[in-house]
Each structure stands twice: as C-alpha cells, then as structure tokens.
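Written out below as structure tokens is the structure these notes cover.
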Amino acid sequence: MENSNCCVCQKPKANLECGVCHEHVCKKCAQFVEDGSFSFYKTVPKILQSTVFCGPCYDREISPAIAEYEQIMKKAKGISIFMKEDSKITQRFSRKENPIEIKECEDKDELVMRMAFLAVTGGFNALVDVEIKHEKVKPGGKYQYTNWSGKGIPTLVTSSRHL
Ligand SMILES: [Zn+2]
Ligand SMILES: [Zn+2]
C-alpha cells in the first residue's frame with residue numbers, strides 16, 4: 001500500500017479506511033463501531049454499515065447517528081404493545097397501516113424491541129394485533145435454537161383515549 005498516510009495524524013502506513021470519506025486512517029486515530037450497532041433499522045444506511053471511521057467523520061456523521069439511534073431505542077421501549085388476544089380492548093384503534101413483520105430472531109425480547117423500533121421509525125407509538133410465534137430450529141442437525149417471529153400493526157394512540 002503506497003501513500004497511505006493517515007488522514008488525521010499524517011503518519012505513514014495507515015492501513016484502515018474510513019467508511020465515510022474513504023481516506024486512510026491509522027489504528028490510533030480510527031474510531032470503531034461494533035458490527036451490527038445499527039441492525040434494528042429496516043435498511044441500515046450505507047455509511048452506518050462500516051465499522052471504522054476517521055475522527056472528523058465520526059464526529060460529524062456517526063456520533064449524531066448513534067444519538068438518534070439511542071433516542072429511537074428509548075422511545076421503542078415505551079410504546080404500547082397489544083396482543084392479538086387483546087383485540088377487544090383495542091378494537092377502536094386504527095388499523096390502516098401495513099403490519100410490521102420480523103421473521104427471524106433468536107430472542108423474544110429482541111423480537112419485540114425490533115418491532116417496536118420499526119413502529120417508532122414510522123412515527124407510531126403502539127402496536128396492535130401482535131402475534132408472536134416460535135419454533136425450534138436445528139440447522140444441519142447440530143445445535144438447536146428457538147427462532148422467534150412476530151408481526152403487528154403499527155398505530156398511533158393518544159393518551160387522552162380511555163379504553
Ligand atoms: Zn493517525
Ligand atoms: Zn473519514
């Protein structure tokens with residue numbers, strides 16, 4: 001690799017590449033983000049699929065993206081979730097939206113959070129008619145795990161509404 005000076009400290013032999021500006025960056029100046037850090041997004045924005053960034057790009061692009069992601073996660077924890085069995089008490093809620101569906105998840109709590117996260121990104125604060133299923137999966141006859149899947153309809157519930 002020739003002319004691979006770090007774009008931050010200018011030292012040679014910087015063998016990492018920033019996922020935003022694609023300049024070389026050395027290990028000392030690079031900022032790392034764990035793989036899968038933004039995996040709850042339905043489509044992870046391209047720059048957030050990288051795990052290595054130079055300092056300036058990290059501060060400008062990634063740091064605010066992490067803050068936003070955490071904000072959505074916080075809201076997702078607070079949304080109302082009504083199971084299909086509760087359809088009597090939620091019968092007056094709007095069901096205009098397409099259902100949110102997650103087909104593969106190895107953890108039930110994560111499945112619910114993923115559905116809630118997508119509801120929040122769509123501007124909703126509740127999920128109704130939620131159905132959660134699980135099945136035992138044994139890929140290649142090796143170890144067995146439980147695959148969770150679920151779906152629900154995102155909707156907007158106002159707090160003034162009494163059930
Ligand atoms: Zn450097
Ligand atoms: Zn950069």
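Each chain of the structure tokens is named A, B, ... in the order shown, its residues numbered from 1; ligands are numbered from 1 in display order.
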Which residues are near ligand 1 - at most 12 Å, using only C-alpha atoms and all ligand atoms? Format: as a CSV table (one decimal) with N, CA and C atoms, in the first residue's frame.
chain,number,residue,atom,x,y,z
A,4,SER,N,-0.1,5.8,2.0
A,4,SER,CA,-1.2,5.5,2.9
A,4,SER,C,-1.1,6.3,4.2
A,5,ASN,N,-0.8,7.6,4.0
A,5,ASN,CA,-0.7,8.4,5.3
A,5,ASN,C,-2.0,8.5,5.9
A,6,CYS,N,-2.0,8.5,7.2
A,6,CYS,CA,-3.2,8.7,8.0
A,6,CYS,C,-3.8,10.1,7.7
A,7,CYS,N,-5.1,10.2,7.5
A,7,CYS,CA,-5.7,11.5,7.1
A,7,CYS,C,-5.8,12.4,8.3
A,8,VAL,N,-5.6,11.8,9.5
A,8,VAL,CA,-5.7,12.7,10.7
A,8,VAL,C,-4.3,13.1,11.2
A,9,CYS,N,-3.4,12.1,11.5
A,9,CYS,CA,-2.1,12.4,12.0
A,9,CYS,C,-0.9,12.5,11.0
A,10,GLN,N,-1.3,12.1,9.8
A,10,GLN,CA,-0.3,12.1,8.6
A,10,GLN,C,0.8,11.0,8.7
A,11,LYS,N,0.8,10.2,9.7
A,11,LYS,CA,1.8,9.1,9.8
A,11,LYS,C,1.6,8.1,8.7
A,12,PRO,N,2.7,7.5,8.2
A,12,PRO,CA,2.6,6.6,7.1
A,12,PRO,C,2.0,5.2,7.5
A,13,LYS,N,1.7,4.4,6.6
A,13,LYS,CA,1.3,3.0,6.8
A,13,LYS,C,0.0,3.0,7.6
A,14,ALA,N,-0.9,3.9,7.3
A,14,ALA,CA,-2.2,3.8,8.0
A,14,ALA,C,-3.0,2.8,7.1
A,15,ASN,N,-3.3,1.6,7.7
A,15,ASN,CA,-3.9,0.6,6.9
A,15,ASN,C,-5.4,0.4,7.1
A,16,LEU,N,-6.1,1.3,7.7
A,16,LEU,CA,-7.5,1.2,7.9
A,16,LEU,C,-8.1,2.3,7.0
A,17,GLU,N,-9.4,2.1,6.6
A,17,GLU,CA,-10.1,3.0,5.7
A,17,GLU,C,-11.3,3.5,6.4
A,18,CYS,N,-11.5,4.8,6.3
A,18,CYS,CA,-12.7,5.4,6.9
A,18,CYS,C,-13.9,5.1,6.0
A,23,GLU,N,-10.7,7.8,3.3
A,23,GLU,CA,-9.3,8.1,3.4
A,23,GLU,C,-8.6,7.0,4.3
A,24,HIS,N,-7.3,7.0,4.2
A,24,HIS,CA,-6.6,6.1,5.1
A,24,HIS,C,-6.6,6.6,6.5
A,25,VAL,N,-6.7,5.8,7.5
A,25,VAL,CA,-6.6,6.2,8.9
A,25,VAL,C,-5.9,5.2,9.7
A,26,CYS,N,-5.0,5.7,10.6
A,26,CYS,CA,-4.2,4.7,11.4
A,26,CYS,C,-5.1,4.2,12.6
A,27,LYS,N,-4.6,3.1,13.2
A,27,LYS,CA,-5.3,2.5,14.2
A,27,LYS,C,-5.6,3.4,15.4
A,28,LYS,N,-4.6,4.3,15.6
A,28,LYS,CA,-4.6,5.2,16.8
A,28,LYS,C,-5.7,6.3,16.6
A,29,CYS,N,-5.9,6.7,15.4
A,29,CYS,CA,-6.8,7.8,15.1
A,29,CYS,C,-8.2,7.3,14.7
A,30,ALA,N,-8.3,6.0,14.4
A,30,ALA,CA,-9.6,5.5,14.0
A,30,ALA,C,-10.6,5.4,15.1
A,31,GLN,N,-11.9,5.5,14.8
A,31,GLN,CA,-12.9,5.3,15.7
A,31,GLN,C,-13.7,4.0,15.3
A,53,PHE,N,-14.0,4.5,11.2
A,53,PHE,CA,-14.1,5.8,10.7
A,53,PHE,C,-13.0,6.7,11.2
A,54,CYS,N,-12.7,7.7,10.4
A,54,CYS,CA,-11.7,8.7,10.9
A,54,CYS,C,-12.4,9.6,11.9
A,55,GLY,N,-11.6,10.3,12.7
A,55,GLY,CA,-12.2,11.1,13.8
A,55,GLY,C,-13.2,12.1,13.3
A,56,PRO,N,-12.8,13.0,12.3
A,56,PRO,CA,-13.7,14.0,11.9
A,56,PRO,C,-15.0,13.5,11.3
Practice item. Write down as a VMD selection string the residues belonging to range 6-162 of chain A that are assigned helix (DSSP H, G or I) by DSSP computed on the backbone. Key: chain A and resid 46 to 49 55 to 77 84 to 86 108 to 121 139 to 141
Practice item. Mind checking which residues fall within 10 Å of Phe40 in chain A, counting only C-alpha atoms, ignoring those fewer than 5 positions away in the same chain, and posting them as a list in words? Key: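 Those residues are Tyr69, Ile72, Met73, Glu110, Leu111, Met113, Arg114, Met115, Ala116, Phe117 and Leu118 of chain A.
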Residues from the last selection, C-alpha atoms, saved as a PDB file, in the first residue's frame:
ATOM      1  CA  TYR A  69     -30.498   5.509  17.207  1.00  0.00           C
ATOM      2  CA  ILE A  72     -35.421   5.760  18.848  1.00  0.00           C
ATOM      3  CA  MET A  73     -34.479   2.806  21.066  1.00  0.00           C
ATOM      4  CA  GLU A 110     -35.224  -8.575  20.995  1.00  0.00           C
ATOM      5  CA  LEU A 111     -38.006  -9.507  18.581  1.00  0.00           C
ATOM      6  CA  MET A 113     -37.910  -4.444  20.560  1.00  0.00           C
ATOM      7  CA  ARG A 114     -37.213  -4.758  16.834  1.00  0.00           C
ATOM      8  CA  MET A 115     -40.902  -4.477  16.044  1.00  0.00           C
ATOM      9  CA  ALA A 116     -41.278  -1.535  18.415  1.00  0.00           C
ATOM     10  CA  PHE A 117     -38.220   0.156  16.917  1.00  0.00           C
ATOM     11  CA  LEU A 118     -39.690  -0.040  13.406  1.00  0.00           C
TER      12      LEU A 118
END
Exercise for review: Could you give me, as number ranges by chain, each residue of chain A that DSSP assigns to strand (DSSP E) when run on this structure's backbone?
Suggested key: A: 16-17, 24-25, 31-32, 52-53, 80-83, 100-105, 126-137, 145-155
All residues 7 Å or closer to range 136-150 of chain A, only C-alpha atoms, same chain fewer than 5 positions away omitted, as a CSV table (one decimal) with N, CA and C atoms, in the first residue's frame:
chain,number,residue,atom,x,y,z
A,101,GLU,N,-43.4,-6.9,10.3
A,101,GLU,CA,-43.1,-8.3,10.5
A,101,GLU,C,-41.6,-8.5,10.6
A,102,ILE,N,-41.3,-9.3,11.6
A,102,ILE,CA,-39.9,-9.8,11.7
A,102,ILE,C,-39.9,-11.3,11.7
A,103,LYS,N,-39.2,-11.8,10.8
A,103,LYS,CA,-39.3,-13.3,10.5
A,103,LYS,C,-38.3,-14.1,11.3
A,104,GLU,N,-37.1,-13.5,11.6
A,104,GLU,CA,-36.1,-14.3,12.2
A,104,GLU,C,-35.5,-13.5,13.4
A,105,CYS,N,-35.5,-14.1,14.6
A,105,CYS,CA,-34.9,-13.5,15.7
A,105,CYS,C,-34.7,-14.6,16.7
A,106,GLU,N,-33.5,-14.6,17.4
A,106,GLU,CA,-33.2,-15.7,18.3
A,106,GLU,C,-33.7,-15.4,19.7
A,107,ASP,N,-34.2,-14.2,19.9
A,107,ASP,CA,-34.6,-13.8,21.3
A,107,ASP,C,-35.9,-13.1,21.3
A,108,LYS,N,-36.8,-13.5,22.2
A,108,LYS,CA,-38.1,-13.0,22.2
A,108,LYS,C,-38.2,-11.5,22.5
A,111,LEU,N,-37.0,-9.5,19.6
A,111,LEU,CA,-38.0,-9.5,18.6
A,111,LEU,C,-39.0,-8.4,18.8
A,131,GLU,N,-48.8,-10.7,17.1
A,131,GLU,CA,-48.8,-12.2,17.2
A,131,GLU,C,-47.3,-12.6,17.2
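The nearest approach to ligand 2 among the residues A:Ala76, A:Ile132, A:Ile89, A:Ile62, with only C-alpha atoms and all ligand atoms taken into account, belongs to A:Ile62.
The shortest atom-to-atom distance to ligand 2, with only C-alpha atoms and all ligand atoms taken into account, belongs to A:Glu61 out of A:Ala126, A:Lys151, A:Glu61, A:Lys46.
CA of Val112 in chain A lies 16.9 Å from CA of Gln71 in chain A.
Each of A:Ala119, A:Met83, A:Thr51, A:Phe38 was checked against ligand 2 using only C-alpha atoms and all ligand atoms; the smallest atom-to-atom distance is that of A:Thr51.
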Practice item. Measuring atom to atom with only C-alpha atoms and all ligand atoms, identify which of A:His22, A:Lys96, A:His134, A:Lys42 is nearest to ligand 2. Key: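 Looking at the shortest contact to ligand 2, the residue is A:His22.
Of note, CA of Leu156 in chain A and CA of Lys74 in chain A are spaced 17.0 Å apart.
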Review point. Separation of CA of Phe124 in chain A and CA of Glu85 in chain A, in Å?
Key: 20.6 Å
Practice item. May I ask which of the residues A:Pro64, A:Asp109, A:Tyr58, A:Pro154 is the closest one to Asp129 in chain A, counting only C-alpha atoms? Key: A:Pro154
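Comparing the minimum interatomic distances between ligand 2 and each of A:Asp35, A:Val44, A:Ile153, A:Cys57, counting only C-alpha atoms and all ligand atoms, we find that A:Cys57 sits nearest.
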